[in-house]
file protein30.cif (mmCIF, C-alpha atoms)
data_start
#
loop_
_atom_site.label_atom_id
_atom_site.label_comp_id
_atom_site.auth_asym_id
_atom_site.auth_seq_id
_atom_site.Cartn_x
_atom_site.Cartn_y
_atom_site.Cartn_z
CA MET M 1 23.38 35.83 5.76
CA PRO M 2 26.81 37.49 6.23
CA LYS M 3 26.53 41.03 7.57
CA VAL M 4 28.65 43.67 5.84
CA LEU M 5 29.50 47.18 7.04
CA LEU M 6 30.05 49.30 3.92
CA ALA M 7 31.76 52.65 4.60
CA GLU M 8 31.97 54.82 1.48
CA ASP M 9 31.43 58.59 1.17
CA ASP M 10 30.68 58.60 -2.56
CA ASP M 11 26.90 58.25 -2.85
CA ALA M 12 26.96 56.62 -6.28
CA VAL M 13 29.65 54.10 -5.39
CA ARG M 14 28.01 53.31 -2.06
CA GLY M 15 24.65 52.73 -3.71
CA MET M 16 26.13 50.50 -6.40
CA LEU M 17 28.13 48.41 -3.94
CA ARG M 18 25.19 48.04 -1.59
CA ALA M 19 22.78 46.96 -4.33
CA THR M 20 25.25 44.45 -5.74
CA LEU M 21 26.17 42.93 -2.39
CA GLU M 22 22.53 42.65 -1.32
CA ARG M 23 21.71 40.96 -4.61
CA ASP M 24 24.50 38.49 -3.84
CA GLY M 25 22.91 37.58 -0.52
CA PHE M 26 24.71 39.86 1.94
CA ASP M 27 23.03 41.88 4.67
CA VAL M 28 24.54 45.35 4.10
CA VAL M 29 24.70 48.32 6.46
CA ALA M 30 25.89 51.30 4.39
CA VAL M 31 27.33 54.46 5.99
CA ALA M 32 28.83 57.60 4.48
CA GLY M 33 31.43 58.58 7.05
CA VAL M 34 33.69 57.68 9.94
CA ARG M 35 31.44 58.82 12.77
CA GLU M 36 28.48 56.69 11.70
CA ALA M 37 30.78 53.75 11.00
CA LEU M 38 32.22 53.92 14.53
CA SER M 39 28.73 54.11 16.03
CA ARG M 40 27.62 51.03 14.08
CA ILE M 41 30.76 49.08 15.00
CA ALA M 42 30.18 49.83 18.67
CA ALA M 43 26.50 48.81 18.56
CA GLU M 44 26.33 45.88 16.10
CA SER M 45 28.22 42.76 15.05
CA PHE M 46 29.63 42.39 11.52
CA ASP M 47 31.19 39.61 9.48
CA VAL M 48 32.79 41.89 6.88
CA LEU M 49 34.06 45.48 6.68
CA LEU M 50 34.40 47.11 3.28
CA SER M 51 35.77 50.62 3.80
CA ASP M 52 37.02 53.38 1.55
CA LEU M 53 40.42 54.70 2.65
CA HIS M 54 39.57 58.40 2.18
CA MET M 55 36.18 59.61 3.47
CA PRO M 56 36.76 62.36 2.40
CA HIS M 57 40.08 63.12 4.08
CA ALA M 58 43.21 61.08 3.53
CA GLY M 59 43.42 58.15 5.92
CA ASP M 60 39.91 58.44 7.37
CA GLY M 61 39.42 54.75 6.65
CA PHE M 62 42.30 53.83 8.97
CA THR M 63 40.12 54.81 11.93
CA VAL M 64 37.34 52.50 10.76
CA ILE M 65 39.75 49.62 10.08
CA SER M 66 41.30 49.89 13.53
CA ALA M 67 37.92 50.11 15.25
CA MET M 68 36.63 47.03 13.45
CA ARG M 69 39.72 44.98 14.18
CA HIS M 70 39.65 45.89 17.86
CA THR M 71 35.90 45.42 18.31
CA HIS M 72 35.24 42.51 15.93
CA PRO M 73 38.64 40.82 15.48
CA HIS M 74 37.25 37.92 13.42
CA ALA M 75 35.56 40.10 10.79
CA VAL M 76 36.97 40.13 7.26
CA THR M 77 38.41 43.63 6.80
CA LEU M 78 38.80 44.97 3.25
CA VAL M 79 40.03 48.43 2.21
CA LEU M 80 39.13 50.28 -1.00
CA SER M 81 41.38 52.96 -2.49
CA GLY M 82 41.55 54.67 -5.86
CA TYR M 83 45.32 55.14 -5.82
CA PRO M 84 46.79 53.27 -2.87
CA ALA M 85 50.34 54.46 -2.25
CA LEU M 86 52.75 51.93 -0.80
CA ASP M 87 52.82 53.67 2.57
CA GLU M 88 49.02 53.68 2.74
CA ALA M 89 48.82 50.00 1.88
CA LEU M 90 51.45 49.14 4.48
CA ALA M 91 49.65 51.22 7.11
CA ALA M 92 46.39 49.40 6.38
CA ILE M 93 48.14 46.04 6.67
CA ARG M 94 49.72 47.09 9.99
CA LEU M 95 46.21 47.81 11.21
CA GLN M 96 45.43 44.18 10.23
CA ALA M 97 43.35 44.75 7.12
CA ASP M 98 42.93 41.47 5.26
CA GLU M 99 43.40 43.03 1.82
CA VAL M 100 43.74 46.40 0.04
CA LEU M 101 41.58 46.58 -3.11
CA VAL M 102 42.03 49.06 -5.94
CA LYS M 103 39.06 51.04 -7.30
CA PRO M 104 37.23 50.46 -9.53
CA ILE M 105 36.93 46.84 -8.51
CA ASP M 106 35.20 44.19 -10.56
CA MET M 107 32.14 43.12 -8.60
CA ALA M 108 32.57 39.46 -9.46
CA SER M 109 36.10 39.63 -8.03
CA LEU M 110 34.88 41.40 -4.90
CA ARG M 111 32.19 38.76 -4.37
CA GLU M 112 34.76 36.00 -4.75
CA ILE M 113 37.21 37.66 -2.37
CA ILE M 114 34.58 38.07 0.34
CA ARG M 115 33.26 34.51 -0.05
CA ASN M 116 36.77 33.01 0.00
CA LYS M 117 37.85 34.95 3.08
CA LEU M 118 34.66 34.08 4.94
CA ALA M 119 35.17 30.42 4.05
CA ASN M 120 38.85 30.48 5.05
CA PRO M 121 39.11 32.77 8.05
CA VAL M 122 42.51 33.91 9.24
CA PRO M 123 42.66 34.08 13.03
CA HIS M 124 43.19 37.59 14.35
CA ARG M 125 43.77 38.58 17.91
CA PRO M 126 42.62 42.05 18.88
CA PRO M 127 45.74 44.21 19.22
CA PRO M 128 46.66 45.41 22.70
CA THR M 129 45.06 48.75 23.44
CA GLU M 130 45.60 51.68 25.75
CA SER M 131 43.32 54.37 27.04
CA VAL M 132 43.23 57.74 25.31
CA ALA M 133 44.54 59.27 28.55
CA SER M 134 47.62 57.01 28.50
CA ILE M 135 48.29 57.70 24.83
CA LEU M 136 48.15 61.46 25.39
CA GLU M 137 50.34 61.12 28.46
CA ASP M 138 52.95 59.10 26.54
CA ASN M 139 52.91 61.54 23.63
CA LEU M 140 52.89 64.82 25.51
CA ASP M 141 56.01 66.18 23.83
CA ALA M 142 54.84 65.16 20.35
CA THR M 143 51.48 66.89 20.90
CA ILE M 144 53.21 70.09 22.01
CA GLN M 145 55.63 69.98 19.08
CA HIS M 146 52.75 69.55 16.64
CA TRP M 147 50.88 72.43 18.27
CA MET M 148 53.95 74.64 17.98
CA ALA M 149 54.45 73.74 14.31
CA LEU M 150 50.86 74.80 13.55
CA VAL M 151 51.21 78.00 15.56
CA GLU M 152 54.37 78.92 13.65
CA GLN M 153 52.34 78.80 10.43
CA ASP M 154 49.86 81.35 11.79
CA LYS M 155 50.93 84.89 10.93
CA GLU M 156 48.59 86.46 13.48
CA LEU M 157 49.84 84.38 16.40
CA THR M 158 53.51 84.80 15.52
CA CYS M 159 53.22 88.59 15.21
CA ILE M 160 53.91 88.57 18.96
CA PRO M 161 57.49 87.30 19.34
CA LEU M 162 57.82 84.66 22.05
CA ASN M 163 60.41 81.97 22.60
CA PHE M 164 59.41 78.31 22.67
CA GLU M 165 59.07 78.15 26.44
CA ASP M 166 56.92 81.29 26.69
CA ARG M 167 54.76 80.15 23.77
CA THR M 168 54.17 76.60 25.02
CA GLY M 169 54.71 76.86 28.76
CA HIS M 170 51.00 76.51 29.56
CA LEU M 171 50.42 73.37 27.50
CA PRO M 172 51.78 70.69 29.88
CA ASN M 173 49.40 71.87 32.63
CA LEU M 174 46.40 72.09 30.30
CA LEU M 175 47.08 68.63 28.93
CA ALA M 176 47.59 67.29 32.46
CA ASP M 177 44.15 68.61 33.42
CA LEU M 178 42.67 66.97 30.31
CA ILE M 179 44.34 63.63 31.05
CA PHE M 180 43.11 63.77 34.66
CA ARG M 181 39.56 64.38 33.47
CA LEU M 182 39.71 61.50 30.97
CA ARG M 183 40.52 59.20 33.88
CA LEU M 184 37.59 60.34 36.00
CA PRO M 185 34.47 58.14 36.20
CA PRO M 186 31.87 59.30 33.67
CA THR M 187 29.58 60.56 36.44
CA ALA M 188 32.28 62.53 38.29
CA LYS M 189 32.20 66.33 38.12
CA ALA M 190 35.44 67.81 36.80
CA ASP M 191 37.09 70.74 38.54
CA ILE M 192 37.74 73.94 36.62
CA SER M 193 41.22 74.37 35.14
CA PHE M 194 43.09 77.03 37.10
CA PRO M 195 46.11 76.78 34.76
CA ALA M 196 43.76 77.78 31.94
CA ARG M 197 42.62 80.84 33.93
CA GLU M 198 46.25 81.82 34.57
CA HIS M 199 47.09 81.28 30.92
CA GLY M 200 44.38 83.70 29.80
CA ASP M 201 45.71 86.37 32.14
CA LEU M 202 49.26 85.79 30.87
CA ARG M 203 48.23 86.01 27.23
CA ARG M 204 46.50 89.35 27.87
CA ARG M 205 49.68 90.71 29.46
CA GLN M 206 51.71 89.39 26.51
CA GLY M 207 49.54 91.36 24.09
CA TYR M 208 47.31 88.65 22.63
CA THR M 209 43.85 89.50 21.40
CA ALA M 210 40.88 87.42 22.56
CA ALA M 211 40.62 85.97 19.06
CA MET M 212 44.23 84.78 19.27
CA VAL M 213 43.51 82.94 22.54
CA VAL M 214 40.55 81.21 20.87
CA GLU M 215 42.70 80.24 17.87
CA GLU M 216 45.38 78.72 20.13
CA SER M 217 42.68 76.60 21.77
CA ARG M 218 41.40 75.43 18.40
CA ILE M 219 44.92 74.41 17.39
CA LEU M 220 45.33 72.51 20.66
CA GLN M 221 42.28 70.39 19.88
CA VAL M 222 43.62 69.70 16.38
CA SER M 223 46.97 68.61 17.84
CA ILE M 224 45.33 66.31 20.39
CA PHE M 225 43.35 64.52 17.70
CA ASN M 226 46.46 64.34 15.51
CA THR M 227 48.20 62.46 18.32
CA LEU M 228 45.32 59.99 18.52
CA GLN M 229 45.34 59.57 14.73
CA ASN M 230 49.05 58.76 14.84
CA ASN M 231 48.43 56.11 17.49
CA LEU M 232 45.33 54.42 16.09
CA PRO M 233 46.62 50.86 16.56
CA ARG M 234 46.84 51.53 20.31
CA VAL M 235 43.46 53.25 20.80
CA ASP M 236 40.81 51.47 22.87
CA PHE M 237 37.85 51.95 20.55
CA SER M 238 35.36 50.66 23.09
CA LYS M 239 35.61 54.04 24.84
CA VAL M 240 36.85 56.34 22.11
CA LEU M 241 33.54 58.08 21.35
CA LEU M 242 33.05 59.06 24.99
CA ASP M 243 36.68 60.15 25.19
CA VAL M 244 36.34 62.35 22.09
CA ILE M 245 33.30 64.05 23.66
CA THR M 246 35.25 64.54 26.90
CA ILE M 247 38.22 66.05 25.05
CA ALA M 248 36.04 68.53 23.19
CA ASP M 249 34.19 69.50 26.36
CA GLU M 250 37.36 69.91 28.43
CA VAL M 251 39.15 72.01 25.80
CA ASP M 252 36.07 74.24 25.54
CA SER M 253 35.89 74.49 29.33
CA GLN M 254 39.57 75.44 29.46
CA LEU M 255 38.98 78.08 26.81
CA LYS M 256 36.18 79.55 28.95
CA GLN M 257 38.53 79.75 31.93
CA ALA M 258 41.24 81.29 29.77
CA MET M 259 38.83 83.97 28.60
CA LEU M 260 37.76 84.65 32.20
CA GLY M 261 41.43 85.12 33.06
CA TYR M 262 41.91 87.27 29.98
CA VAL M 263 39.18 89.76 30.93
CA GLU M 264 40.42 90.13 34.51
CA THR M 265 41.87 93.63 34.40
CA ARG M 266 42.96 94.30 37.98
CA PRO M 267 44.12 92.29 41.00
CA GLY M 268 41.30 91.02 43.17
CA THR M 269 38.62 91.16 40.50
CA ALA M 270 35.93 88.63 41.36
CA LEU M 271 35.16 86.20 38.55
CA SER M 272 32.56 83.52 38.35
CA ALA M 273 33.95 79.97 38.29
CA ALA M 274 30.79 78.67 36.65
#

call {"tool": "encode", "arguments": {"input": "protein30.cif", "output": "structure tokens"}}
result
Amino acid sequence: MPKVLLAEDDDAVRGMLRATLERDGFDVVAVAGVREALSRIAAESFDVLLSDLHMPHAGDGFTVISAMRHTHPHAVTLVLSGYPALDEALAAIRLQADEVLVKPIDMASLREIIRNKLANPVPHRPPPTESVASILEDNLDATIQHWMALVEQDKELTCIPLNFEDRTGHLPNLLADLIFRLRLPPTAKADISFPAREHGDLRRRQGYTAAMVVEESRILQVSIFNTLQNNLPRVDFSKVLLDVITIADEVDSQLKQAMLGYVETRPGTALSAA
């Protein structure tokens, strides 16, 4: 019995597809979002992926496609989209999707497509992958540029006039600490980020509020994940969930150190490094 991973955030559509495919003799695992899909891909084997392209955000399905192709390269990979633009379709094909299907799809046609592709498999080799640390290292400038573009849209942050170097000067060191931590063994204890502590002190002297420091950190995390999204074909999905957890933890840890530096009001003040 072919095993299908069905990723669709619309409850009604997911229920209809699941019922139909099960009636046609498929073993269906149905999920509503990217996170659950990635967990299932990492833990189970599948013969077919049927994934919506937008769940609910544009391009969410690309993450699922790439994970399936890297983890189960021989699985039939099908993409569903209501209005697939040419660029979206080409992006899906570059990620090695077998076919892009337009919603609403006739169920008889879907059944035939799946059966034909299972009966006539096209050999796929898993694309070469890189670690998240290497991808972030290679795209350091792009991550900083994206961060700066988001900051420039924030009226509160830009109320303090700073040039590009003064605004972004801390980012290379913070990202270097993050990359170093991503390369540590999972059981290793990470050191605190002294550049983050210094950054908090600098931002206080530049006139930032504490809320502005927190907002900059939030934008940094957004920019890091944007870099990974833009490099999905290169991501090693066997480790991506652990890496995402590490990124979130390290950015939060750096924010804590920045706030400790921010509240230091006189030279020699003793601060806890915990």

call {"tool": "resolve_selection", "arguments": {"input": "protein30.cif", "expression": "the PyMOL selection byres ((chain M and resi 51) around 6)", "output": "number ranges by chain"}}
result
M: 6-7, 50, 52, 79-80

call {"tool": "closest_residue", "arguments": {"input": "protein30.cif", "among": "M:Arg218, M:Arg40, M:His170, M:Arg181", "to": "Val151 of chain M", "atoms": "all atoms listed in the file"}}
result
M:Arg218

call {"tool": "closest_atom_pairs", "arguments": {"input": "protein30.cif", "of": "segment 97-132 of chain M", "to": "segment 239-244 of chain M", "cutoff": "12 Å", "atoms": "only C-alpha atoms", "output": "CSV"}}
result
residue,atom,partner,partner_atom,distance
M:Thr129,CA,M:Lys239,CA,10.9
M:Glu130,CA,M:Lys239,CA,10.3
M:Ser131,CA,M:Lys239,CA,8.0
M:Val132,CA,M:Asp243,CA,7.0

call {"tool": "closest_residue", "arguments": {"input": "protein30.cif", "among": "M:Ala176, M:Val235, M:Val251, M:Met55", "to": "Thr71 of chain M", "atoms": "all atoms listed in the file"}}
result
M:Val235

call {"tool": "closest_residue", "arguments": {"input": "protein30.cif", "among": "M:Asp47, M:Glu99, M:Asp138, M:Asp177", "to": "Leu118 of chain M", "atoms": "only C-alpha atoms"}}
result
M:Asp47

call {"tool": "resolve_selection", "arguments": {"input": "protein30.cif", "expression": "the PyMOL selection byres ((chain M and resi 255) around 10)", "output": "list in words"}}
result
Ser193, Ala196, Arg197, His199, Gly200, Val213, Val214, Glu215, Glu216, Ser217, Arg218, Asp249, Glu250, Val251, Asp252, Ser253, Gln254, Lys256, Gln257, Ala258, Met259, Leu260 and Gly261 of chain M

call {"tool": "residues_around", "arguments": {"input": "protein30.cif", "residues": "segment 171-173 of chain M", "least_positions_apart": "5", "cutoff": "10 Å", "atoms": "only C-alpha atoms", "output": "list in words"}}
result
Glu137, Leu140, Asp141, Thr143, Ile144, Trp147, Glu165, Leu178, Ile179, Ser193, Phe194, Pro195, Ala196, His199 and Leu220 of chain M

call {"tool": "resolve_selection", "arguments": {"input": "protein30.cif", "expression": "the PyMOL selection byres ((chain M and resi 228-230) around 8)", "output": "number ranges by chain"}}
result
M: 63, 132, 135-136, 224-227, 231-232, 235

call {"tool": "closest_residue", "arguments": {"input": "protein30.cif", "among": "M:Ser39, M:Thr187, M:Ser134, M:Gln221", "to": "Met68 of chain M", "atoms": "only C-alpha atoms"}}
result
M:Ser39

call {"tool": "residues_around", "arguments": {"input": "protein30.cif", "residues": "Gly82 of chain M", "least_positions_apart": "4", "cutoff": "8 Å", "atoms": "only C-alpha atoms", "output": "JSON, numbers by chain"}}
result
{"M": [102, 103, 104]}

call {"tool": "residues_around", "arguments": {"input": "protein30.cif", "residues": "His74 of chain M", "least_positions_apart": "5", "cutoff": "10 Å", "atoms": "all atoms listed in the file", "output": "list in words"}}
result
Phe46, Asp47, Val48, Met68, Arg69, Leu118, Pro121, Val122, Pro123, His124, Arg125 and Pro126 of chain M

call {"tool": "write_last_selection", "arguments": {"input": "protein30.cif", "atoms": "C-alpha atoms", "output": "PDB file, keeping the file's coordinate frame"}}
result
ATOM      1  CA  PHE M  46      29.630  42.390  11.520  1.00  0.00           C
ATOM      2  CA  ASP M  47      31.190  39.610   9.480  1.00  0.00           C
ATOM      3  CA  VAL M  48      32.790  41.890   6.880  1.00  0.00           C
ATOM      4  CA  MET M  68      36.630  47.030  13.450  1.00  0.00           C
ATOM      5  CA  ARG M  69      39.720  44.980  14.180  1.00  0.00           C
ATOM      6  CA  LEU M 118      34.660  34.080   4.940  1.00  0.00           C
ATOM      7  CA  PRO M 121      39.110  32.770   8.050  1.00  0.00           C
ATOM      8  CA  VAL M 122      42.510  33.910   9.240  1.00  0.00           C
ATOM      9  CA  PRO M 123      42.660  34.080  13.030  1.00  0.00           C
ATOM     10  CA  HIS M 124      43.190  37.590  14.350  1.00  0.00           C
ATOM     11  CA  ARG M 125      43.770  38.580  17.910  1.00  0.00           C
ATOM     12  CA  PRO M 126      42.620  42.050  18.880  1.00  0.00           C
TER      13      PRO M 126
END

call {"tool": "atom_distance", "arguments": {"input": "protein30.cif", "atom1": "atom CA of Leu184 of chain M", "atom2": "atom CA of Val222 of chain M"}}
result
22.6 Å

call {"tool": "atom_distance", "arguments": {"input": "protein30.cif", "atom1": "atom CA of Ile192 of chain M", "atom2": "atom CA of Ala142 of chain M"}}
result
25.2 Å

call {"tool": "atom_distance", "arguments": {"input": "protein30.cif", "atom1": "atom CA of Phe164 of chain M", "atom2": "atom CA of Arg204 of chain M"}}
result
17.8 Å

call {"tool": "residues_near_point", "arguments": {"input": "protein30.cif", "point": "(51.8, 91.0, 23.9)", "cutoff": "10 Å", "atoms": "only C-alpha atoms", "output": "JSON list (two decimals) with C-alpha atoms, keeping the file's coordinate frame"}}
result
[["chain", "number", "residue", "atom", "x", "y", "z"],
["M", 159, "CYS", "CA", 53.22, 88.59, 15.21],
["M", 160, "ILE", "CA", 53.91, 88.57, 18.96],
["M", 161, "PRO", "CA", 57.49, 87.30, 19.34],
["M", 162, "LEU", "CA", 57.82, 84.66, 22.05],
["M", 202, "LEU", "CA", 49.26, 85.79, 30.87],
["M", 203, "ARG", "CA", 48.23, 86.01, 27.23],
["M", 204, "ARG", "CA", 46.50, 89.35, 27.87],
["M", 205, "ARG", "CA", 49.68, 90.71, 29.46],
["M", 206, "GLN", "CA", 51.71, 89.39, 26.51],
["M", 207, "GLY", "CA", 49.54, 91.36, 24.09],
["M", 208, "TYR", "CA", 47.31, 88.65, 22.63],
["M", 209, "THR", "CA", 43.85, 89.50, 21.40]]

call {"tool": "closest_residue", "arguments": {"input": "protein30.cif", "among": "M:Ala42, M:His54, M:Asp201, M:Asp106", "to": "Ser81 of chain M", "atoms": "only C-alpha atoms"}}
result
M:His54

call {"tool": "build_atoms", "arguments": {"input": "protein30.cif", "residues": "segment 22-55 of chain M", "atoms": "N, CA and C atoms", "output": "PDB file, in the frame of the given file"}}
result
ATOM      1  N   GLU M  22      23.827  43.170  -1.783  1.00  0.00           N
ATOM      2  CA  GLU M  22      22.530  42.650  -1.320  1.00  0.00           C
ATOM      3  C   GLU M  22      21.971  41.646  -2.318  1.00  0.00           C
ATOM      4  N   ARG M  23      22.169  41.900  -3.586  1.00  0.00           N
ATOM      5  CA  ARG M  23      21.710  40.960  -4.610  1.00  0.00           C
ATOM      6  C   ARG M  23      22.454  39.634  -4.508  1.00  0.00           C
ATOM      7  N   ASP M  24      23.698  39.704  -3.997  1.00  0.00           N
ATOM      8  CA  ASP M  24      24.500  38.490  -3.840  1.00  0.00           C
ATOM      9  C   ASP M  24      24.255  37.785  -2.512  1.00  0.00           C
ATOM     10  N   GLY M  25      23.295  38.288  -1.735  1.00  0.00           N
ATOM     11  CA  GLY M  25      22.910  37.580  -0.520  1.00  0.00           C
ATOM     12  C   GLY M  25      23.540  38.089   0.755  1.00  0.00           C
ATOM     13  N   PHE M  26      24.117  39.286   0.728  1.00  0.00           N
ATOM     14  CA  PHE M  26      24.710  39.860   1.940  1.00  0.00           C
ATOM     15  C   PHE M  26      23.733  40.830   2.597  1.00  0.00           C
ATOM     16  N   ASP M  27      23.792  40.887   3.903  1.00  0.00           N
ATOM     17  CA  ASP M  27      23.030  41.880   4.670  1.00  0.00           C
ATOM     18  C   ASP M  27      23.957  43.092   4.829  1.00  0.00           C
ATOM     19  N   VAL M  28      23.619  44.217   4.197  1.00  0.00           N
ATOM     20  CA  VAL M  28      24.540  45.350   4.100  1.00  0.00           C
ATOM     21  C   VAL M  28      24.038  46.532   4.931  1.00  0.00           C
ATOM     22  N   VAL M  29      24.923  47.048   5.776  1.00  0.00           N
ATOM     23  CA  VAL M  29      24.700  48.320   6.460  1.00  0.00           C
ATOM     24  C   VAL M  29      25.640  49.322   5.814  1.00  0.00           C
ATOM     25  N   ALA M  30      25.096  50.334   5.148  1.00  0.00           N
ATOM     26  CA  ALA M  30      25.890  51.300   4.390  1.00  0.00           C
ATOM     27  C   ALA M  30      25.937  52.625   5.130  1.00  0.00           C
ATOM     28  N   VAL M  31      27.152  53.171   5.319  1.00  0.00           N
ATOM     29  CA  VAL M  31      27.330  54.460   5.990  1.00  0.00           C
ATOM     30  C   VAL M  31      28.225  55.345   5.126  1.00  0.00           C
ATOM     31  N   ALA M  32      28.120  56.650   5.342  1.00  0.00           N
ATOM     32  CA  ALA M  32      28.830  57.600   4.480  1.00  0.00           C
ATOM     33  C   ALA M  32      30.056  58.213   5.127  1.00  0.00           C
ATOM     34  N   GLY M  33      30.301  57.923   6.403  1.00  0.00           N
ATOM     35  CA  GLY M  33      31.430  58.580   7.050  1.00  0.00           C
ATOM     36  C   GLY M  33      31.923  57.827   8.274  1.00  0.00           C
ATOM     37  N   VAL M  34      33.010  58.344   8.835  1.00  0.00           N
ATOM     38  CA  VAL M  34      33.690  57.680   9.940  1.00  0.00           C
ATOM     39  C   VAL M  34      32.823  57.644  11.191  1.00  0.00           C
ATOM     40  N   ARG M  35      32.189  58.762  11.510  1.00  0.00           N
ATOM     41  CA  ARG M  35      31.440  58.820  12.770  1.00  0.00           C
ATOM     42  C   ARG M  35      30.327  57.776  12.799  1.00  0.00           C
ATOM     43  N   GLU M  36      29.567  57.674  11.731  1.00  0.00           N
ATOM     44  CA  GLU M  36      28.480  56.690  11.700  1.00  0.00           C
ATOM     45  C   GLU M  36      29.037  55.274  11.702  1.00  0.00           C
ATOM     46  N   ALA M  37      30.166  55.073  11.005  1.00  0.00           N
ATOM     47  CA  ALA M  37      30.780  53.750  11.000  1.00  0.00           C
ATOM     48  C   ALA M  37      31.188  53.321  12.404  1.00  0.00           C
ATOM     49  N   LEU M  38      31.802  54.241  13.165  1.00  0.00           N
ATOM     50  CA  LEU M  38      32.220  53.920  14.530  1.00  0.00           C
ATOM     51  C   LEU M  38      31.015  53.611  15.417  1.00  0.00           C
ATOM     52  N   SER M  39      29.936  54.360  15.240  1.00  0.00           N
ATOM     53  CA  SER M  39      28.730  54.110  16.030  1.00  0.00           C
ATOM     54  C   SER M  39      28.168  52.727  15.731  1.00  0.00           C
ATOM     55  N   ARG M  40      28.140  52.357  14.457  1.00  0.00           N
ATOM     56  CA  ARG M  40      27.620  51.030  14.080  1.00  0.00           C
ATOM     57  C   ARG M  40      28.513  49.917  14.612  1.00  0.00           C
ATOM     58  N   ILE M  41      29.823  50.103  14.519  1.00  0.00           N
ATOM     59  CA  ILE M  41      30.760  49.080  15.000  1.00  0.00           C
ATOM     60  C   ILE M  41      30.576  48.864  16.496  1.00  0.00           C
ATOM     61  N   ALA M  42      30.346  49.944  17.219  1.00  0.00           N
ATOM     62  CA  ALA M  42      30.180  49.830  18.670  1.00  0.00           C
ATOM     63  C   ALA M  42      28.865  49.150  19.041  1.00  0.00           C
ATOM     64  N   ALA M  43      27.841  49.275  18.188  1.00  0.00           N
ATOM     65  CA  ALA M  43      26.500  48.810  18.560  1.00  0.00           C
ATOM     66  C   ALA M  43      26.109  47.484  17.934  1.00  0.00           C
ATOM     67  N   GLU M  44      26.762  47.063  16.846  1.00  0.00           N
ATOM     68  CA  GLU M  44      26.330  45.880  16.100  1.00  0.00           C
ATOM     69  C   GLU M  44      27.511  44.954  15.822  1.00  0.00           C
ATOM     70  N   SER M  45      27.202  43.733  15.448  1.00  0.00           N
ATOM     71  CA  SER M  45      28.220  42.760  15.050  1.00  0.00           C
ATOM     72  C   SER M  45      28.254  42.650  13.529  1.00  0.00           C
ATOM     73  N   PHE M  46      29.462  42.485  12.974  1.00  0.00           N
ATOM     74  CA  PHE M  46      29.630  42.390  11.520  1.00  0.00           C
ATOM     75  C   PHE M  46      30.561  41.234  11.181  1.00  0.00           C
ATOM     76  N   ASP M  47      30.315  40.654  10.005  1.00  0.00           N
ATOM     77  CA  ASP M  47      31.190  39.610   9.480  1.00  0.00           C
ATOM     78  C   ASP M  47      32.235  40.176   8.533  1.00  0.00           C
ATOM     79  N   VAL M  48      31.916  41.312   7.906  1.00  0.00           N
ATOM     80  CA  VAL M  48      32.790  41.890   6.880  1.00  0.00           C
ATOM     81  C   VAL M  48      32.775  43.409   7.016  1.00  0.00           C
ATOM     82  N   LEU M  49      33.948  44.037   6.854  1.00  0.00           N
ATOM     83  CA  LEU M  49      34.060  45.480   6.680  1.00  0.00           C
ATOM     84  C   LEU M  49      34.599  45.753   5.289  1.00  0.00           C
ATOM     85  N   LEU M  50      33.923  46.631   4.567  1.00  0.00           N
ATOM     86  CA  LEU M  50      34.400  47.110   3.280  1.00  0.00           C
ATOM     87  C   LEU M  50      34.446  48.627   3.375  1.00  0.00           C
ATOM     88  N   SER M  51      35.646  49.193   3.504  1.00  0.00           N
ATOM     89  CA  SER M  51      35.770  50.620   3.800  1.00  0.00           C
ATOM     90  C   SER M  51      36.653  51.328   2.791  1.00  0.00           C
ATOM     91  N   ASP M  52      36.181  52.496   2.348  1.00  0.00           N
ATOM     92  CA  ASP M  52      37.020  53.380   1.550  1.00  0.00           C
ATOM     93  C   ASP M  52      38.133  53.904   2.461  1.00  0.00           C
ATOM     94  N   LEU M  53      39.279  54.206   1.865  1.00  0.00           N
ATOM     95  CA  LEU M  53      40.420  54.700   2.650  1.00  0.00           C
ATOM     96  C   LEU M  53      40.298  56.185   2.943  1.00  0.00           C
ATOM     97  N   HIS M  54      39.671  56.943   2.034  1.00  0.00           N
ATOM     98  CA  HIS M  54      39.570  58.400   2.180  1.00  0.00           C
ATOM     99  C   HIS M  54      38.094  58.796   2.196  1.00  0.00           C
ATOM    100  N   MET M  55      37.611  59.325   3.341  1.00  0.00           N
ATOM    101  CA  MET M  55      36.180  59.610   3.470  1.00  0.00           C
ATOM    102  C   MET M  55      35.899  60.937   4.191  1.00  0.00           C
TER     103      MET M  55
END
